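File shown: upload05.txt (compact mmCIF, C-alpha atoms and all ligand atoms).
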# COMPACT_ATOMS: atom_id res chain seq x y z
CA ALA B 1 147.05 86.89 136.25
CA ALA B 2 147.46 90.45 135.08
CA LYS B 3 146.58 91.00 131.46
CA LEU B 4 149.43 92.05 129.24
CA SER B 5 149.13 95.00 126.88
CA PRO B 6 148.33 94.00 123.28
CA GLU B 7 151.93 94.83 122.28
CA LYS B 8 153.45 92.68 125.01
CA LEU B 9 151.04 89.87 124.23
CA LEU B 10 152.07 89.88 120.56
CA CYS B 11 155.70 89.70 121.65
CA GLN B 12 154.97 86.72 123.91
CA LEU B 13 153.24 84.92 121.08
CA ARG B 14 156.05 85.74 118.66
CA ASP B 15 158.82 84.63 121.02
CA ARG B 16 157.29 81.68 122.86
CA VAL B 17 155.12 79.90 120.31
CA ASN B 18 157.35 77.91 118.05
CA VAL B 19 155.38 77.18 114.90
CA THR B 20 157.12 74.31 113.15
CA MET B 21 156.13 71.29 111.13
CA ILE B 22 157.46 67.78 111.79
CA GLN B 23 160.63 67.25 109.76
CA GLY B 24 162.59 64.19 108.80
CA SER B 25 165.24 65.12 111.33
CA ASP B 26 162.77 64.95 114.26
CA GLY B 27 162.99 61.59 116.02
CA PRO B 28 161.05 59.24 115.73
CA PHE B 29 160.40 60.51 112.20
CA ASP B 30 164.11 60.26 111.35
CA THR B 31 163.71 56.87 109.72
CA TRP B 32 164.14 55.91 106.10
CA GLU B 33 160.46 55.06 105.90
CA TRP B 34 159.23 58.42 107.18
CA GLN B 35 161.59 60.31 104.85
CA GLN B 36 159.52 59.06 101.94
CA TYR B 37 156.33 60.50 103.38
CA LEU B 38 157.22 63.85 104.91
CA PRO B 39 157.40 66.77 102.44
CA GLY B 40 160.92 67.59 101.29
CA LYS B 41 160.41 71.35 101.42
CA SER B 42 159.64 73.36 104.54
CA LEU B 43 156.27 75.14 104.79
CA ASN B 44 158.07 78.47 104.47
CA GLU B 45 159.73 77.41 101.24
CA THR B 46 156.45 76.09 99.89
CA VAL B 47 154.35 79.23 100.53
CA GLY B 48 157.03 81.89 100.12
CA ARG B 49 156.61 85.26 101.76
CA LEU B 50 152.94 86.14 102.11
CA GLY B 51 151.48 89.63 102.36
CA ARG B 52 147.82 89.92 103.33
CA CYS B 53 146.24 86.68 104.54
CA ALA B 54 142.74 85.62 105.51
CA VAL B 55 141.70 83.04 108.07
CA VAL B 56 138.10 81.89 107.56
CA SER B 57 136.39 80.30 110.54
CA SER B 58 133.66 77.76 109.86
CA ALA B 59 131.03 79.62 111.87
CA GLY B 60 127.38 79.70 110.85
CA SER B 61 127.51 83.48 110.95
CA LEU B 62 129.37 83.44 107.62
CA LYS B 63 126.10 82.52 105.99
CA SER B 64 124.70 85.46 103.96
CA SER B 65 127.79 87.51 104.80
CA ARG B 66 128.71 88.09 101.14
CA LEU B 67 132.36 88.30 102.23
CA GLY B 68 133.57 86.01 99.45
CA GLN B 69 135.19 88.64 97.22
CA GLU B 70 136.85 90.37 100.13
CA ILE B 71 138.25 87.06 101.41
CA ASP B 72 139.55 86.08 97.96
CA SER B 73 141.34 89.44 97.59
CA HIS B 74 143.95 88.20 100.09
CA ASP B 75 147.24 86.66 98.97
CA ALA B 76 146.50 83.49 100.88
CA VAL B 77 143.43 81.98 102.55
CA LEU B 78 143.39 79.41 105.38
CA ARG B 79 140.34 77.19 106.01
CA PHE B 80 139.52 74.44 108.47
CA ASN B 81 138.62 70.77 108.42
CA GLY B 82 135.81 69.96 105.98
CA ALA B 83 134.72 73.56 105.34
CA PRO B 84 133.68 73.73 101.66
CA THR B 85 133.89 76.61 99.20
CA LYS B 86 131.86 75.05 96.39
CA GLY B 87 128.32 76.37 96.62
CA PHE B 88 129.33 78.96 99.24
CA GLN B 89 131.66 81.21 97.21
CA GLU B 90 129.54 84.32 97.70
CA ASP B 91 129.97 84.13 101.45
CA VAL B 92 133.36 82.48 101.98
CA GLY B 93 135.25 82.88 98.69
CA GLN B 94 136.84 80.13 96.61
CA LYS B 95 140.55 80.41 97.28
CA THR B 96 142.14 77.85 99.61
CA THR B 97 145.89 78.17 100.14
CA ILE B 98 146.13 76.18 103.35
CA ARG B 99 143.67 73.79 104.99
CA LEU B 100 144.24 72.94 108.66
CA VAL B 101 142.61 69.67 109.69
CA ASN B 102 142.43 67.91 113.04
CA SER B 103 143.57 64.32 113.52
CA GLN B 104 140.03 63.22 114.36
CA LEU B 105 138.87 64.12 110.86
CA VAL B 106 141.83 62.33 109.25
CA THR B 107 141.15 59.20 111.33
CA VAL B 108 137.44 58.95 112.14
CA GLU B 109 136.33 60.43 108.82
CA GLU B 110 139.19 58.67 106.99
CA GLN B 111 137.09 57.40 104.08
CA GLN B 112 135.81 60.88 103.24
CA PHE B 113 139.21 62.40 103.88
CA LEU B 114 140.89 60.06 101.44
CA ARG B 115 138.13 60.39 98.84
CA GLU B 116 136.70 63.90 98.83
CA ALA B 117 138.08 66.34 96.25
CA LEU B 118 137.69 69.15 98.81
CA TYR B 119 140.98 68.11 100.40
CA ASN B 120 142.95 68.02 97.15
CA THR B 121 143.55 71.75 96.79
CA GLY B 122 146.09 73.80 98.66
CA ILE B 123 148.53 72.83 101.36
CA LEU B 124 147.28 70.47 104.06
CA ILE B 125 148.36 70.64 107.69
CA VAL B 126 147.17 68.11 110.27
CA TRP B 127 147.38 68.56 114.04
CA ASP B 128 146.67 66.21 116.94
CA PRO B 129 145.83 67.03 120.57
CA ALA B 130 149.07 65.82 122.16
CA PRO B 131 149.49 65.34 125.92
CA TYR B 132 150.47 68.51 127.77
CA HIS B 133 154.05 69.46 126.82
CA ALA B 134 154.80 65.90 125.72
CA GLU B 135 158.02 65.06 123.93
CA ILE B 136 157.51 64.09 120.31
CA HIS B 137 158.46 60.49 121.08
CA GLU B 138 155.85 60.23 123.81
CA TRP B 139 153.19 61.77 121.58
CA TYR B 140 154.10 59.46 118.71
CA ARG B 141 153.44 56.45 120.93
CA LYS B 142 150.05 57.72 122.09
CA PRO B 143 148.53 60.35 119.82
CA ASP B 144 144.95 61.39 120.60
CA TYR B 145 143.93 59.93 117.23
CA ASN B 146 146.34 57.62 115.48
CA PHE B 147 146.30 59.40 112.14
CA PHE B 148 149.75 58.36 110.94
CA GLU B 149 148.52 55.47 108.80
CA SER B 150 145.89 57.62 107.12
CA TYR B 151 148.48 60.37 106.58
CA ARG B 152 150.74 57.93 104.80
CA SER B 153 147.91 56.62 102.59
CA TYR B 154 147.04 60.15 101.60
CA ARG B 155 150.68 60.96 100.84
CA SER B 156 150.96 57.88 98.66
CA THR B 157 147.95 58.82 96.56
CA HIS B 158 148.72 62.58 96.46
CA PRO B 159 152.52 62.77 96.49
CA GLU B 160 152.61 66.21 94.84
CA GLN B 161 150.34 67.95 97.35
CA PRO B 162 152.23 69.47 100.29
CA PHE B 163 150.91 67.91 103.50
CA TYR B 164 152.49 68.75 106.84
CA ILE B 165 152.16 67.51 110.42
CA LEU B 166 152.11 70.35 112.93
CA ASN B 167 154.73 69.98 115.66
CA PRO B 168 152.52 69.33 118.71
CA LYS B 169 154.63 71.43 121.06
CA MET B 170 153.14 74.56 119.60
CA GLN B 171 149.60 74.01 120.92
CA TRP B 172 150.74 73.93 124.55
CA GLN B 173 153.09 76.88 124.20
CA LEU B 174 150.04 78.77 122.98
CA TRP B 175 147.78 77.31 125.69
CA ASP B 176 150.21 78.52 128.40
CA ILE B 177 149.90 82.08 127.08
CA LEU B 178 146.10 81.75 126.97
CA GLN B 179 146.12 80.60 130.61
CA GLU B 180 148.51 83.30 131.78
CA ASN B 181 146.28 85.95 130.28
CA SER B 182 142.96 84.69 131.61
CA LEU B 183 141.50 85.36 135.01
CA GLU B 184 140.00 81.90 135.33
CA HIS B 185 141.44 78.41 135.16
CA ILE B 186 141.22 77.08 131.63
CA GLN B 187 140.43 73.45 130.91
CA PRO B 188 143.68 71.70 129.95
CA ASN B 189 142.59 70.98 126.38
CA PRO B 190 144.44 72.29 123.34
CA PRO B 191 143.30 75.43 121.50
CA SER B 192 140.82 75.01 118.64
CA SER B 193 141.92 74.61 115.04
CA GLY B 194 140.78 78.20 114.61
CA MET B 195 143.26 79.60 117.12
CA LEU B 196 146.08 77.38 115.85
CA GLY B 197 145.40 78.52 112.28
CA ILE B 198 145.50 82.18 113.30
CA VAL B 199 148.94 81.78 114.87
CA ILE B 200 150.23 79.73 111.92
CA MET B 201 149.21 82.55 109.55
CA MET B 202 150.81 85.16 111.82
CA THR B 203 154.14 83.38 111.26
CA LEU B 204 153.72 83.30 107.46
CA CYS B 205 152.08 86.63 106.59
CA ASP B 206 152.61 90.38 106.92
CA GLU B 207 149.02 90.87 108.08
CA VAL B 208 146.18 88.51 108.97
CA ASP B 209 142.45 89.22 108.63
CA VAL B 210 140.36 86.72 110.57
CA TYR B 211 136.71 86.28 109.57
CA GLU B 212 133.87 85.31 111.94
CA PHE B 213 136.10 84.00 114.71
CA LEU B 214 134.74 86.89 116.73
CA PRO B 215 131.08 86.74 115.78
CA SER B 216 129.50 89.62 113.88
CA LYS B 217 125.92 90.85 114.05
CA ARG B 218 125.07 87.64 112.17
CA GLN B 219 125.96 85.56 115.25
CA THR B 220 123.84 82.41 115.31
CA ASP B 221 123.51 79.06 117.08
CA ILE B 222 124.00 77.37 113.70
CA CYS B 223 127.33 75.67 114.11
CA HIS B 224 128.76 75.77 110.57
CA TYR B 225 127.92 77.85 107.50
CA TYR B 226 127.74 74.60 105.54
CA GLN B 227 125.48 72.50 107.80
CA LYS B 228 122.03 72.70 109.37
CA PHE B 229 123.18 71.89 112.86
CA HIS B 230 122.53 74.01 115.95
CA ASP B 231 124.91 74.04 118.89
CA ARG B 232 125.91 77.06 120.91
CA ALA B 233 129.08 75.29 122.01
CA CYS B 234 130.48 75.67 118.50
CA THR B 235 130.87 79.42 119.02
CA MET B 236 131.42 79.47 122.78
CA GLY B 237 133.46 76.29 123.18
CA ALA B 238 133.14 73.10 125.16
CA TYR B 239 136.26 70.98 124.72
CA HIS B 240 138.45 73.77 123.36
CA PRO B 241 139.08 76.96 125.39
CA LEU B 242 137.31 78.93 122.64
CA LEU B 243 136.00 81.76 124.79
CA PHE B 244 139.49 82.48 126.12
CA GLU B 245 140.92 82.30 122.60
CA LYS B 246 138.38 84.83 121.43
CA ASN B 247 139.10 87.20 124.30
CA LEU B 248 142.79 87.05 123.50
CA VAL B 249 142.22 87.74 119.81
CA LYS B 250 139.87 90.62 120.63
CA HIS B 251 142.58 92.10 122.85
CA MET B 252 145.12 92.06 119.99
CA ASN B 253 142.76 93.33 117.29
CA GLN B 254 144.20 96.21 115.30
CA GLY B 255 141.01 96.74 113.33
CA THR B 256 137.83 98.52 114.39
CA ASP B 257 134.86 97.32 116.44
CA GLU B 258 132.72 98.30 113.46
CA ASP B 259 134.58 95.69 111.35
CA ILE B 260 133.88 93.06 113.98
CA TYR B 261 130.21 93.97 114.09
CA THR B 262 129.57 94.13 110.35
CA ARG B 263 132.09 91.62 108.97
CA GLY B 264 133.21 89.54 111.94
CA LYS B 265 136.64 90.78 110.95
CA VAL B 266 139.69 91.12 113.14
CA THR B 267 143.09 92.31 111.87
CA LEU B 268 146.30 91.04 113.42
CA PRO B 269 149.90 91.81 112.49
CA GLY B 270 152.20 89.13 111.18
CA PHE B 271 155.05 88.36 113.58
CA ARG B 272 157.62 89.90 111.25
CA ASN B 273 155.82 93.21 111.81
CA VAL B 274 155.87 92.86 115.59
CA HIS B 275 158.75 94.78 117.16
CA CYS B 276 159.59 93.97 120.73
O1 LIG B 301 133.92 72.96 113.85
P1 LIG B 301 135.33 73.14 113.38
O2 LIG B 301 136.30 72.88 114.66
O3 LIG B 301 135.77 72.38 112.19
O4 LIG B 301 135.54 74.70 113.08
C1 LIG B 301 136.80 75.24 112.72
C2 LIG B 301 137.12 76.43 113.61
O5 LIG B 301 136.20 77.49 113.37
C3 LIG B 301 135.90 78.19 114.58
N1 LIG B 301 134.44 78.21 114.79
C4 LIG B 301 133.65 77.23 114.27
C5 LIG B 301 132.28 77.28 114.45
C6 LIG B 301 131.71 78.35 115.16
N2 LIG B 301 130.39 78.47 115.30
N3 LIG B 301 132.52 79.30 115.67
C7 LIG B 301 133.85 79.25 115.50
O6 LIG B 301 134.56 80.15 115.98
C8 LIG B 301 136.68 77.49 115.70
O7 LIG B 301 137.87 78.21 115.96
C9 LIG B 301 137.02 76.13 115.09
O8 LIG B 301 138.24 75.62 115.57
C10 LIG B 301 138.30 72.01 115.46
O9 LIG B 301 138.67 72.99 116.13
O10 LIG B 301 139.10 71.25 114.85
C11 LIG B 301 136.77 71.73 115.35
O11 LIG B 301 136.56 70.50 114.63
C12 LIG B 301 135.26 69.88 114.72
C13 LIG B 301 135.27 68.58 113.87
O12 LIG B 301 136.19 67.64 114.41
C14 LIG B 301 135.71 68.92 112.43
O13 LIG B 301 134.85 69.88 111.85
C15 LIG B 301 135.73 67.69 111.54
O14 LIG B 301 134.46 67.14 111.37
C16 LIG B 301 134.88 69.64 116.17
N4 LIG B 301 133.53 69.06 116.23
C17 LIG B 301 133.28 67.85 116.73
O15 LIG B 301 134.15 67.10 117.13
C18 LIG B 301 131.82 67.42 116.73
C19 LIG B 301 134.87 70.98 116.91
O16 LIG B 301 134.56 70.77 118.27
C20 LIG B 301 136.23 71.69 116.79
Can you give me the file's structure in the form of structure tokens?
Amino acid sequence: AAKLSPEKLLCQLRDRVNVTMIQGSDGPFDTWEWQQYLPGKSLNETVGRLGRCAVVSSAGSLKSSRLGQEIDSHDAVLRFNGAPTKGFQEDVGQKTTIRLVNSQLVTVEEQQFLREALYNTGILIVWDPAPYHAEIHEWYRKPDYNFFESYRSYRSTHPEQPFYILNPKMQWQLWDILQENSLEHIQPNPPSSGMLGIVIMMTLCDEVDVYEFLPSKRQTDICHYYQKFHDRACTMGAYHPLLFEKNLVKHMNQGTDEDIYTRGKVTLPGFRNVHC
């Protein structure tokens, strides 16, 4: 597997990763019942055209970073799963435009998900680790976590908050590109929420700054900036092909190594600014 140039890689991502949300016209969601739950507007219509965007990883290395103001200066900010802002504004900012959550959180942590105010701001997107290149029908019958019931409960109690389901085809289109550009065999597990969020923002924004996905000088074994829990696998990956994701992102970085070292910051172009 020969590595592509950063330019060619960006083109592959732009042209082969189809970032879409489940719509009412996608079978088996094309029922009267599902129409009441899925958002009426597309994600694009909901967010409009975004300029500078920030993706904030949940890494422990954000602690004491004091990046909050810089992060909030972006037009839109994407965060992951249960990552809080309250009490951590100095380091991670307080703006949340989009929150990407995995189906495990929505299902296994359902009670918190349905109750905690943290989830009530911004646009929610949920994704589920679908079988490799499965058709939507097949995935719908056997999702990794059956989050559909919880999704519908949430929609009923928060009908005004946009809440999308990521089309599961995207994760494997992205995984294929990760595999093609890695020298080793990658475990056939979907990319992390972090990597999915980066690509989602590249479709919506002119430019994307990613914070502490590539660890800065503050790199630590502390898993999350909001928990006292040590696990090296959080940064290096176990289930998700995190290391390969990080190599790919490093390869496409348009910022400086200095920015990675001091701020854990990588700058990627939005797909509308990629010319192939
Ligand atoms: O930990 P998690 O991820 O919520 O982190 C979000 C994304 O931030 C990046 N990250 C995180 C920590 C770290 N030290 N370095 C990082 O680069 C990663 O890109 C990560 O994706 C997930 O990807 O959805 C994940 O979710 C958690 C967990 O399910 C949720 O936090 C909800 O509780 C998973 N942890 C477990 O299942 C125990 C994690 O493996 C992946």
Next item on the list: Could you check how far atom CA of Gln104 of chain B sits from atom CA of Asp176 of chain B, in Å to one decimal?
Entry: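 These two atoms are separated by 23.1 Å.
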Counting only C-alpha atoms and all ligand atoms, which residues of chain B sit at most 8 Å from some atom of ligand LIG 301 (chain B), and what is each one's closest atom pair with its distance in Å to one decimal, listed by chain and rising residue number, as a Markdown table?
| residue | atom | partner | partner_atom | distance |
| --- | --- | --- | --- | --- |
| B:Val56 | CA | B:LIG301 | O5 | 7.5 |
| B:Ser57 | CA | B:LIG301 | O5 | 4.0 |
| B:Ser58 | CA | B:LIG301 | O5 | 4.3 |
| B:Ala59 | CA | B:LIG301 | C6 | 3.6 |
| B:Gly60 | CA | B:LIG301 | N2 | 5.5 |
| B:Ser61 | CA | B:LIG301 | N2 | 7.2 |
| B:Arg79 | CA | B:LIG301 | C1 | 7.8 |
| B:Phe80 | CA | B:LIG301 | C1 | 5.1 |
| B:Asn81 | CA | B:LIG301 | O3 | 5.0 |
| B:Gly82 | CA | B:LIG301 | O13 | 5.9 |
| B:Ala83 | CA | B:LIG301 | O3 | 7.0 |
| B:Val101 | CA | B:LIG301 | O10 | 6.4 |
| B:Asn102 | CA | B:LIG301 | O10 | 5.1 |
| B:Gln104 | CA | B:LIG301 | O12 | 5.9 |
| B:Leu105 | CA | B:LIG301 | C15 | 4.8 |
| B:Glu109 | CA | B:LIG301 | O14 | 7.4 |
| B:Pro191 | CA | B:LIG301 | O9 | 7.5 |
| B:Ser192 | CA | B:LIG301 | O9 | 3.9 |
| B:Ser193 | CA | B:LIG301 | O9 | 3.8 |
| B:Gly194 | CA | B:LIG301 | O7 | 3.2 |
| B:Met195 | CA | B:LIG301 | O7 | 5.7 |
| B:Glu212 | CA | B:LIG301 | O6 | 6.6 |
| B:Phe213 | CA | B:LIG301 | O6 | 4.3 |
| B:Leu214 | CA | B:LIG301 | O6 | 6.8 |
| B:Pro215 | CA | B:LIG301 | O6 | 7.5 |
| B:Thr220 | CA | B:LIG301 | N2 | 7.6 |
| B:Asp221 | CA | B:LIG301 | N2 | 7.1 |
| B:Ile222 | CA | B:LIG301 | N2 | 6.7 |
| B:Cys223 | CA | B:LIG301 | N2 | 4.3 |
| B:His224 | CA | B:LIG301 | C5 | 5.5 |
| B:Asp231 | CA | B:LIG301 | N2 | 7.9 |
| B:Arg232 | CA | B:LIG301 | N2 | 7.3 |
| B:Ala233 | CA | B:LIG301 | N2 | 7.5 |
| B:Cys234 | CA | B:LIG301 | N2 | 4.3 |
| B:Thr235 | CA | B:LIG301 | N3 | 3.7 |
| B:Met236 | CA | B:LIG301 | N3 | 7.2 |
| B:Gly237 | CA | B:LIG301 | O16 | 7.5 |
| B:Ala238 | CA | B:LIG301 | O16 | 7.4 |
| B:Tyr239 | CA | B:LIG301 | O16 | 6.7 |
| B:His240 | CA | B:LIG301 | O16 | 7.1 |
| B:Leu242 | CA | B:LIG301 | O7 | 6.7 |
Check: Using all atoms listed in the file, which of B:Arg16, B:Ile136, B:Arg66, B:Pro84 sits nearest Leu166 of chain B?
Finding: B:Ile136
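Minimum distance to Asp75 of chain B across B:Thr97, B:Gln111, B:Gln89, B:Gln187 (counting all atoms listed in the file) occurs at B:Thr97.
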Note to self: Residues near Ile177 of chain B, anyone? I mean within 10 Å using all atoms listed in the file, not counting same-chain ones fewer than 4 positions away, as a PyMOL selection string.
What the structure shows: chain B and resi 9+12-13+16-17+172-173+181-182+248
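Each of B:Lys217, B:Thr256, B:Phe244, B:Cys205 was checked against Gly48 of chain B using all atoms listed in the file; the smallest atom-to-atom distance is that of B:Cys205.
In this structure, atom CA of Arg14 of chain B sits 27.5 Å away from atom CA of Tyr261 of chain B.
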Check: Which of these, B:Gln254, B:Gly51, B:Gln94, B:Ser153, has the shortest distance to Arg115 of chain B once you count only C-alpha atoms?
Finding: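 When distances to Arg115 of chain B are compared using only C-alpha atoms, the smallest one comes from B:Ser153.
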Notebook entry, point to check: From the list B:Pro190, B:Gly68, B:Pro168, B:Pro39, which residue is nearest Glu135 of chain B when using all atoms listed in the file?
Noted result: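 Between B:Pro190, B:Gly68, B:Pro168, B:Pro39, the residue approaching Glu135 of chain B most closely is B:Pro168.
Relative to atom CA of Arg52 of chain B, atom CA of Tyr211 of chain B is found at 13.3 Å.
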Item checked: Near-Val19 of chain B list (9 Å; all atoms listed in the file; drop same-chain fewer than 6 positions) as a ChimeraX atom specification -> /B:166-167,169-171,199-200,203
For C-alpha atoms, I'd like the residues from the last selection saved as a PDB file, keeping the file's coordinate frame.
ATOM      1  CA  LEU B 166     152.110  70.350 112.930  1.00  0.00           C
ATOM      2  CA  ASN B 167     154.730  69.980 115.660  1.00  0.00           C
ATOM      3  CA  LYS B 169     154.630  71.430 121.060  1.00  0.00           C
ATOM      4  CA  MET B 170     153.140  74.560 119.600  1.00  0.00           C
ATOM      5  CA  GLN B 171     149.600  74.010 120.920  1.00  0.00           C
ATOM      6  CA  VAL B 199     148.940  81.780 114.870  1.00  0.00           C
ATOM      7  CA  ILE B 200     150.230  79.730 111.920  1.00  0.00           C
ATOM      8  CA  THR B 203     154.140  83.380 111.260  1.00  0.00           C
TER       9      THR B 203
END
Margin query: Let me make sure I understand: among B:Pro159, B:Pro143, B:Pro241, B:Pro269, which one has the smallest atom-to-atom distance to Met202 of chain B if we use all atoms listed in the file?
Written below: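 Using all atoms listed in the file, Met202 of chain B sits closest to B:Pro269.
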Where's the centre, and what are the edge lengths in Å to one decimal, of a box along x, y and z enclosing all listed atoms of segment 147-150 of chain B padded 5 Å per side, as lines of an AutoDock Vina configuration file?
center_x = 147.8
center_y = 57.4
center_z = 109.6
size_x = 13.9
size_y = 13.9
size_z = 15.0
Item checked: Selection near Thr157 of chain B, 12 Å with all atoms listed in the file, sequence-local residues under 4 positions removed, as a VMD selection string -> chain B and resid 37 113 to 115 120 150 to 153 161 163
Checklist line | Contacts of His275 of chain B at 9 Å (all atoms listed in the file; same-chain gap of 3+ positions) as a ChimeraX atom specification | finding: /B:7,10-11,271-272
Item checked: Contact residues around segment 121-124 of chain B with all atoms listed in the file at 9 Å, ignoring same-chain residues under 6 positions, as a ChimeraX atom specification -> /B:43,46-47,95-101,161-165
Counting all atoms listed in the file, which residues come within 9 Å of (152.1, 64.1, 125.1), with the point read in the file's coordinates, and could you list them as a PDB file with C-alpha atoms, keeping the file's coordinate frame?
ATOM      1  CA  PRO B 129     145.830  67.030 120.570  1.00  0.00           C
ATOM      2  CA  ALA B 130     149.070  65.820 122.160  1.00  0.00           C
ATOM      3  CA  PRO B 131     149.490  65.340 125.920  1.00  0.00           C
ATOM      4  CA  TYR B 132     150.470  68.510 127.770  1.00  0.00           C
ATOM      5  CA  HIS B 133     154.050  69.460 126.820  1.00  0.00           C
ATOM      6  CA  ALA B 134     154.800  65.900 125.720  1.00  0.00           C
ATOM      7  CA  GLU B 135     158.020  65.060 123.930  1.00  0.00           C
ATOM      8  CA  ILE B 136     157.510  64.090 120.310  1.00  0.00           C
ATOM      9  CA  HIS B 137     158.460  60.490 121.080  1.00  0.00           C
ATOM     10  CA  GLU B 138     155.850  60.230 123.810  1.00  0.00           C
ATOM     11  CA  TRP B 139     153.190  61.770 121.580  1.00  0.00           C
ATOM     12  CA  TYR B 140     154.100  59.460 118.710  1.00  0.00           C
ATOM     13  CA  ARG B 141     153.440  56.450 120.930  1.00  0.00           C
ATOM     14  CA  LYS B 142     150.050  57.720 122.090  1.00  0.00           C
ATOM     15  CA  PRO B 143     148.530  60.350 119.820  1.00  0.00           C
ATOM     16  CA  ASP B 144     144.950  61.390 120.600  1.00  0.00           C
ATOM     17  CA  PRO B 168     152.520  69.330 118.710  1.00  0.00           C
ATOM     18  CA  LYS B 169     154.630  71.430 121.060  1.00  0.00           C
TER      19      LYS B 169
END
Please fill the gaps in segment 266-272 of chain B so it has all heavy atoms, and write that as a compact mmCIF listing (two decimals), in the frame of the given file.
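Result went into out10.txt, see below:
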# COMPACT_ATOMS: atom_id res chain seq x y z
N VAL B 266 138.65 90.68 112.22
CA VAL B 266 139.69 91.12 113.14
C VAL B 266 140.99 91.20 112.34
O VAL B 266 141.22 90.37 111.46
CB VAL B 266 139.83 90.08 114.28
CG1 VAL B 266 141.17 90.15 114.96
CG2 VAL B 266 138.71 90.24 115.28
N THR B 267 141.82 92.20 112.59
CA THR B 267 143.09 92.31 111.87
C THR B 267 144.25 92.20 112.85
O THR B 267 144.30 92.93 113.84
CB THR B 267 143.16 93.66 111.11
OG1 THR B 267 142.04 93.72 110.21
CG2 THR B 267 144.45 93.77 110.30
N LEU B 268 145.15 91.26 112.56
CA LEU B 268 146.30 91.04 113.42
C LEU B 268 147.58 91.21 112.60
O LEU B 268 147.60 90.90 111.41
CB LEU B 268 146.26 89.61 114.00
CG LEU B 268 145.00 89.26 114.81
CD1 LEU B 268 144.98 87.76 115.12
CD2 LEU B 268 144.94 90.07 116.09
N PRO B 269 148.66 91.67 113.23
CA PRO B 269 149.90 91.81 112.49
C PRO B 269 150.61 90.47 112.36
O PRO B 269 150.49 89.62 113.24
CB PRO B 269 150.73 92.75 113.38
CG PRO B 269 150.24 92.46 114.76
CD PRO B 269 148.78 92.11 114.63
N GLY B 270 151.32 90.28 111.27
CA GLY B 270 152.20 89.13 111.18
C GLY B 270 153.36 89.33 112.14
O GLY B 270 153.69 90.47 112.48
N PHE B 271 153.98 88.24 112.58
CA PHE B 271 155.05 88.36 113.58
C PHE B 271 156.24 89.14 113.06
O PHE B 271 156.96 89.77 113.83
CB PHE B 271 155.49 86.99 114.08
CG PHE B 271 154.45 86.32 114.94
CD1 PHE B 271 154.13 84.98 114.74
CD2 PHE B 271 153.80 87.02 115.94
CE1 PHE B 271 153.17 84.36 115.52
CE2 PHE B 271 152.83 86.41 116.74
CZ PHE B 271 152.52 85.07 116.52
N ARG B 272 156.46 89.14 111.73
CA ARG B 272 157.62 89.90 111.25
C ARG B 272 157.37 91.41 111.35
O ARG B 272 158.30 92.19 111.24
CB ARG B 272 158.03 89.46 109.84
CG ARG B 272 157.06 89.72 108.74
CD ARG B 272 157.67 89.37 107.38
NE ARG B 272 157.57 87.95 107.06
CZ ARG B 272 156.59 87.41 106.33
NH1 ARG B 272 155.63 88.18 105.83
NH2 ARG B 272 156.56 86.13 106.09
